[in-house]
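start_13.csv follows (CSV, N, CA and C atoms):
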```csv
chain,number,residue,atom,x,y,z
A,1,MET,N,36.6,9.4,15.2
A,1,MET,CA,35.2,9.8,15.1
A,1,MET,C,34.4,8.8,15.8
A,2,LYS,N,33.6,9.2,16.7
A,2,LYS,CA,32.7,8.3,17.5
A,2,LYS,C,31.4,8.2,16.8
A,3,LEU,N,30.9,7.0,16.6
A,3,LEU,CA,29.6,6.8,16.0
A,3,LEU,C,28.5,6.9,17.1
A,4,GLU,N,27.5,7.7,16.9
A,4,GLU,CA,26.5,7.8,17.9
A,4,GLU,C,25.2,7.2,17.4
A,5,LYS,N,24.5,6.6,18.3
A,5,LYS,CA,23.2,6.0,18.0
A,5,LYS,C,22.2,7.1,17.9
A,6,ARG,N,21.5,7.3,16.8
A,6,ARG,CA,20.5,8.3,16.7
A,6,ARG,C,19.2,7.7,16.7
A,7,GLU,N,18.3,8.4,17.3
A,7,GLU,CA,16.9,7.9,17.4
A,7,GLU,C,16.2,8.4,16.1
A,8,ILE,N,15.6,7.5,15.4
A,8,ILE,CA,14.8,7.8,14.2
A,8,ILE,C,13.4,7.5,14.5
A,9,THR,N,12.5,8.4,14.4
A,9,THR,CA,11.1,8.2,14.6
A,9,THR,C,10.3,8.6,13.4
A,10,LEU,N,9.2,8.0,13.2
A,10,LEU,CA,8.3,8.3,12.2
A,10,LEU,C,7.0,8.9,12.8
A,11,ASN,N,6.5,9.9,12.3
A,11,ASN,CA,5.3,10.4,12.8
A,11,ASN,C,4.1,9.7,12.1
A,12,GLU,N,2.9,9.9,12.6
A,12,GLU,CA,1.8,9.2,12.1
A,12,GLU,C,1.6,9.4,10.6
A,13,LYS,N,1.7,10.6,10.1
A,13,LYS,CA,1.5,10.9,8.7
A,13,LYS,C,2.6,10.1,7.8
A,14,ASP,N,3.8,10.1,8.3
A,14,ASP,CA,4.8,9.3,7.5
A,14,ASP,C,4.5,7.8,7.5
A,15,SER,N,4.0,7.3,8.6
A,15,SER,CA,3.7,5.9,8.6
A,15,SER,C,2.5,5.5,7.7
A,16,ILE,N,1.5,6.4,7.7
A,16,ILE,CA,0.3,6.2,6.9
A,16,ILE,C,0.7,6.4,5.4
A,17,THR,N,1.5,7.3,5.1
A,17,THR,CA,2.0,7.6,3.7
A,17,THR,C,2.8,6.3,3.2
A,18,ASP,N,3.6,5.8,4.1
A,18,ASP,CA,4.3,4.6,3.7
A,18,ASP,C,3.4,3.4,3.4
A,19,ALA,N,2.4,3.3,4.2
A,19,ALA,CA,1.4,2.2,4.0
A,19,ALA,C,0.6,2.4,2.7
A,20,TYR,N,0.3,3.7,2.4
A,20,TYR,CA,-0.5,4.0,1.2
A,20,TYR,C,0.4,3.7,0.0
A,21,LEU,N,1.6,4.1,0.0
A,21,LEU,CA,2.5,3.8,-1.1
A,21,LEU,C,2.8,2.3,-1.3
A,22,MET,N,2.8,1.6,-0.2
A,22,MET,CA,3.0,0.1,-0.3
A,22,MET,C,1.7,-0.5,-0.9
A,23,GLN,N,0.6,-0.1,-0.5
A,23,GLN,CA,-0.7,-0.6,-1.1
A,23,GLN,C,-0.8,-0.3,-2.6
A,24,LYS,N,-0.3,0.9,-3.0
A,24,LYS,CA,-0.4,1.3,-4.4
A,24,LYS,C,0.6,0.5,-5.2
A,25,THR,N,1.8,0.2,-4.7
A,25,THR,CA,2.8,-0.6,-5.3
A,25,THR,C,2.3,-2.1,-5.5
A,26,LEU,N,1.7,-2.6,-4.4
A,26,LEU,CA,1.1,-3.9,-4.4
A,26,LEU,C,0.0,-4.1,-5.5
A,27,LEU,N,-0.8,-3.0,-5.6
A,27,LEU,CA,-1.9,-3.1,-6.6
A,27,LEU,C,-1.3,-3.1,-8.0
A,28,GLN,N,-0.2,-2.3,-8.3
A,28,GLN,CA,0.5,-2.3,-9.6
A,28,GLN,C,1.0,-3.7,-9.9
A,29,VAL,N,1.6,-4.4,-8.9
A,29,VAL,CA,2.2,-5.7,-9.1
A,29,VAL,C,1.1,-6.7,-9.4
A,30,TYR,N,-0.1,-6.6,-8.7
A,30,TYR,CA,-1.2,-7.6,-9.1
A,30,TYR,C,-1.7,-7.3,-10.5
A,31,VAL,N,-1.8,-6.1,-10.9
A,31,VAL,CA,-2.3,-5.8,-12.3
A,31,VAL,C,-1.3,-6.3,-13.3
A,32,PHE,N,0.0,-6.1,-13.0
A,32,PHE,CA,1.1,-6.6,-13.9
A,32,PHE,C,1.0,-8.2,-14.0
A,33,ALA,N,0.8,-8.8,-12.9
A,33,ALA,CA,0.6,-10.3,-12.9
A,33,ALA,C,-0.6,-10.7,-13.6
A,34,ALA,N,-1.7,-10.0,-13.4
A,34,ALA,CA,-3.0,-10.4,-14.0
A,34,ALA,C,-2.9,-10.3,-15.6
A,35,GLU,N,-2.2,-9.3,-16.1
A,35,GLU,CA,-2.0,-9.2,-17.5
A,35,GLU,C,-1.3,-10.4,-18.1
A,36,ARG,N,-0.5,-11.1,-17.3
A,36,ARG,CA,0.3,-12.2,-17.8
A,36,ARG,C,-0.2,-13.6,-17.4
A,37,ALA,N,-1.2,-13.6,-16.5
A,37,ALA,CA,-1.7,-14.9,-16.1
A,37,ALA,C,-2.4,-15.6,-17.2
A,38,GLU,N,-2.2,-16.9,-17.3
A,38,GLU,CA,-2.8,-17.7,-18.3
A,38,GLU,C,-3.9,-18.6,-17.8
A,39,LYS,N,-3.8,-19.0,-16.5
A,39,LYS,CA,-4.8,-19.9,-16.0
A,39,LYS,C,-6.0,-19.1,-15.4
A,40,ARG,N,-7.2,-19.6,-15.6
A,40,ARG,CA,-8.4,-18.9,-15.1
A,40,ARG,C,-8.4,-18.8,-13.6
A,41,GLU,N,-8.0,-19.8,-12.9
A,41,GLU,CA,-8.0,-19.8,-11.4
A,41,GLU,C,-7.0,-18.7,-10.9
A,42,ILE,N,-5.9,-18.5,-11.5
A,42,ILE,CA,-5.0,-17.5,-11.1
A,42,ILE,C,-5.5,-16.1,-11.4
A,43,ARG,N,-6.2,-15.9,-12.5
A,43,ARG,CA,-6.8,-14.7,-12.8
A,43,ARG,C,-7.9,-14.3,-11.8
A,44,LYS,N,-8.7,-15.3,-11.4
A,44,LYS,CA,-9.8,-15.1,-10.4
A,44,LYS,C,-9.2,-14.7,-9.1
A,45,ARG,N,-8.1,-15.4,-8.7
A,45,ARG,CA,-7.4,-15.0,-7.4
A,45,ARG,C,-6.8,-13.6,-7.5
A,46,LEU,N,-6.2,-13.3,-8.6
A,46,LEU,CA,-5.6,-12.0,-8.7
A,46,LEU,C,-6.7,-10.9,-8.7
A,47,LEU,N,-7.8,-11.1,-9.3
A,47,LEU,CA,-8.9,-10.2,-9.3
A,47,LEU,C,-9.4,-10.0,-7.8
A,48,LEU,N,-9.5,-11.0,-7.1
A,48,LEU,CA,-9.9,-10.9,-5.7
A,48,LEU,C,-8.9,-10.1,-4.9
A,49,LEU,N,-7.6,-10.4,-5.1
A,49,LEU,CA,-6.5,-9.6,-4.4
A,49,LEU,C,-6.5,-8.2,-4.8
A,50,ILE,N,-6.8,-7.9,-6.1
A,50,ILE,CA,-6.9,-6.5,-6.6
A,50,ILE,C,-8.0,-5.8,-5.8
A,51,GLU,N,-9.2,-6.4,-5.7
A,51,GLU,CA,-10.3,-5.8,-5.0
A,51,GLU,C,-10.0,-5.5,-3.6
A,52,GLN,N,-9.4,-6.5,-2.9
A,52,GLN,CA,-9.1,-6.3,-1.5
A,52,GLN,C,-8.0,-5.2,-1.3
A,53,THR,N,-7.1,-5.2,-2.2
A,53,THR,CA,-6.0,-4.2,-2.1
A,53,THR,C,-6.6,-2.8,-2.3
A,54,CYS,N,-7.5,-2.7,-3.3
A,54,CYS,CA,-8.2,-1.4,-3.5
A,54,CYS,C,-8.9,-0.9,-2.3
A,55,GLU,N,-9.6,-1.8,-1.6
A,55,GLU,CA,-10.3,-1.5,-0.4
A,55,GLU,C,-9.4,-1.0,0.7
A,56,ASP,N,-8.2,-1.7,0.8
A,56,ASP,CA,-7.2,-1.3,1.8
A,56,ASP,C,-6.6,0.1,1.4
A,57,LEU,N,-6.4,0.3,0.1
A,57,LEU,CA,-5.9,1.6,-0.4
A,57,LEU,C,-6.8,2.7,-0.1
A,58,PHE,N,-8.1,2.5,-0.3
A,58,PHE,CA,-9.0,3.6,0.0
A,58,PHE,C,-9.1,3.9,1.5
A,59,PHE,N,-9.0,2.8,2.3
A,59,PHE,CA,-9.1,3.0,3.8
A,59,PHE,C,-7.9,3.8,4.2
A,60,VAL,N,-6.7,3.4,3.8
A,60,VAL,CA,-5.5,4.1,4.1
A,60,VAL,C,-5.5,5.6,3.6
A,61,LYS,N,-6.0,5.8,2.5
A,61,LYS,CA,-6.1,7.1,1.9
A,61,LYS,C,-7.0,8.0,2.8
A,62,ASP,N,-8.1,7.4,3.2
A,62,ASP,CA,-9.0,8.2,4.2
A,62,ASP,C,-8.3,8.5,5.5
A,63,LEU,N,-7.5,7.5,6.0
A,63,LEU,CA,-6.8,7.8,7.2
A,63,LEU,C,-5.8,9.0,7.0
A,64,LEU,N,-5.2,9.0,5.9
A,64,LEU,CA,-4.2,10.0,5.5
A,64,LEU,C,-4.9,11.4,5.5
A,65,LYS,N,-6.0,11.4,4.9
A,65,LYS,CA,-6.8,12.7,4.8
A,65,LYS,C,-7.2,13.2,6.2
A,66,ASP,N,-7.6,12.3,7.1
A,66,ASP,CA,-7.9,12.6,8.5
A,66,ASP,C,-6.7,13.2,9.2
A,67,VAL,N,-5.5,12.6,9.0
A,67,VAL,CA,-4.3,13.0,9.7
A,67,VAL,C,-3.9,14.4,9.2
A,68,GLU,N,-4.1,14.6,7.9
A,68,GLU,CA,-3.7,15.9,7.3
A,68,GLU,C,-4.6,17.0,7.8
A,69,ARG,N,-5.9,16.7,8.0
A,69,ARG,CA,-6.8,17.7,8.6
A,69,ARG,C,-6.5,18.1,10.0
A,70,GLU,N,-6.0,17.1,10.8
A,70,GLU,CA,-5.6,17.3,12.2
A,70,GLU,C,-4.4,18.2,12.3
A,71,GLN,N,-3.6,18.3,11.3
A,71,GLN,CA,-2.3,19.1,11.4
A,71,GLN,C,-2.5,20.5,11.1
```

Output the file's structure in the form of structure tokens.
Amino acid sequence: MKLEKREITLNEKDSITDAYLMQKTLLQVYVFAAERAEKREIRKRLLLLIEQTCEDLFFVKDLLKDVEREQ
């Protein structure tokens, strides 16, 4: 049996969905870490990261909606 190289491509919707799911997972990790953080400086940094990640999550979600409308 000969192995053939197959071309694997992602369309725009798949790529944006992957980015959305990654941002969502990252947000969950930051919340998990914030619950366990003991130092005030770490809590503040995690809150900043949570805010930035939420902004990115909303941006990617809007992109996903735009792509879905186009299809």

For this session: Write out as a list in words which residues come within 7 Å of region 25-39 of chain A when counting only N, CA and C atoms, dropping same-chain ones fewer than 3 positions away.
Result: Tyr20, Leu21, Met22, Ile42, Arg43, Lys44, Leu46, Leu47, Leu49, Ile50, Thr53 and Cys54 of chain A

Residues from last step as file, N, CA and C atoms, as a PDB file, in the coordinates of the input:
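Final output, saved to again.pdb:
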```pdb
ATOM      1  N   TYR A  20       0.300   3.700   2.400  1.00  0.00           N
ATOM      2  CA  TYR A  20      -0.500   4.000   1.200  1.00  0.00           C
ATOM      3  C   TYR A  20       0.400   3.700   0.000  1.00  0.00           C
ATOM      4  N   LEU A  21       1.600   4.100   0.000  1.00  0.00           N
ATOM      5  CA  LEU A  21       2.500   3.800  -1.100  1.00  0.00           C
ATOM      6  C   LEU A  21       2.800   2.300  -1.300  1.00  0.00           C
ATOM      7  N   MET A  22       2.800   1.600  -0.200  1.00  0.00           N
ATOM      8  CA  MET A  22       3.000   0.100  -0.300  1.00  0.00           C
ATOM      9  C   MET A  22       1.700  -0.500  -0.900  1.00  0.00           C
ATOM     10  N   ILE A  42      -5.900 -18.500 -11.500  1.00  0.00           N
ATOM     11  CA  ILE A  42      -5.000 -17.500 -11.100  1.00  0.00           C
ATOM     12  C   ILE A  42      -5.500 -16.100 -11.400  1.00  0.00           C
ATOM     13  N   ARG A  43      -6.200 -15.900 -12.500  1.00  0.00           N
ATOM     14  CA  ARG A  43      -6.800 -14.700 -12.800  1.00  0.00           C
ATOM     15  C   ARG A  43      -7.900 -14.300 -11.800  1.00  0.00           C
ATOM     16  N   LYS A  44      -8.700 -15.300 -11.400  1.00  0.00           N
ATOM     17  CA  LYS A  44      -9.800 -15.100 -10.400  1.00  0.00           C
ATOM     18  C   LYS A  44      -9.200 -14.700  -9.100  1.00  0.00           C
ATOM     19  N   LEU A  46      -6.200 -13.300  -8.600  1.00  0.00           N
ATOM     20  CA  LEU A  46      -5.600 -12.000  -8.700  1.00  0.00           C
ATOM     21  C   LEU A  46      -6.700 -10.900  -8.700  1.00  0.00           C
ATOM     22  N   LEU A  47      -7.800 -11.100  -9.300  1.00  0.00           N
ATOM     23  CA  LEU A  47      -8.900 -10.200  -9.300  1.00  0.00           C
ATOM     24  C   LEU A  47      -9.400 -10.000  -7.800  1.00  0.00           C
ATOM     25  N   LEU A  49      -7.600 -10.400  -5.100  1.00  0.00           N
ATOM     26  CA  LEU A  49      -6.500  -9.600  -4.400  1.00  0.00           C
ATOM     27  C   LEU A  49      -6.500  -8.200  -4.800  1.00  0.00           C
ATOM     28  N   ILE A  50      -6.800  -7.900  -6.100  1.00  0.00           N
ATOM     29  CA  ILE A  50      -6.900  -6.500  -6.600  1.00  0.00           C
ATOM     30  C   ILE A  50      -8.000  -5.800  -5.800  1.00  0.00           C
ATOM     31  N   THR A  53      -7.100  -5.200  -2.200  1.00  0.00           N
ATOM     32  CA  THR A  53      -6.000  -4.200  -2.100  1.00  0.00           C
ATOM     33  C   THR A  53      -6.600  -2.800  -2.300  1.00  0.00           C
ATOM     34  N   CYS A  54      -7.500  -2.700  -3.300  1.00  0.00           N
ATOM     35  CA  CYS A  54      -8.200  -1.400  -3.500  1.00  0.00           C
ATOM     36  C   CYS A  54      -8.900  -0.900  -2.300  1.00  0.00           C
TER      37      CYS A  54
END
```

Exercise. Hey, can you check how far CA of Lys13 (chain A) sits from CA of Leu64 (chain A)?
Worked result: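 Those two atoms sit 6.6 Å apart.
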
Problem set entry | Atom pair CA of Glu68 (chain A) / CA of Gln52 (chain A): separation (Å) |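 Separating CA of Glu68 (chain A) from CA of Gln52 (chain A) is a distance of 24.5 Å.
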
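Across the model, the gap from CA of Asp18 (chain A) to CA of Glu70 (chain A) is 18.2 Å.
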
For this session: Please identify all polymer residues within 8 Å of region 61-63 of chain A, counting all atoms listed in the file, omitting same-chain residues fewer than 4 positions from it, and present them as a ChimeraX atom specification.
Result: /A:13,16-17,19-20,55-57,67-69

For this session: Pull the helix (DSSP H, G or I) assignments for chain A out of DSSP run on the backbone, and list those residues as a PyMOL selection string.
Result: chain A and resi 12-36+40-70
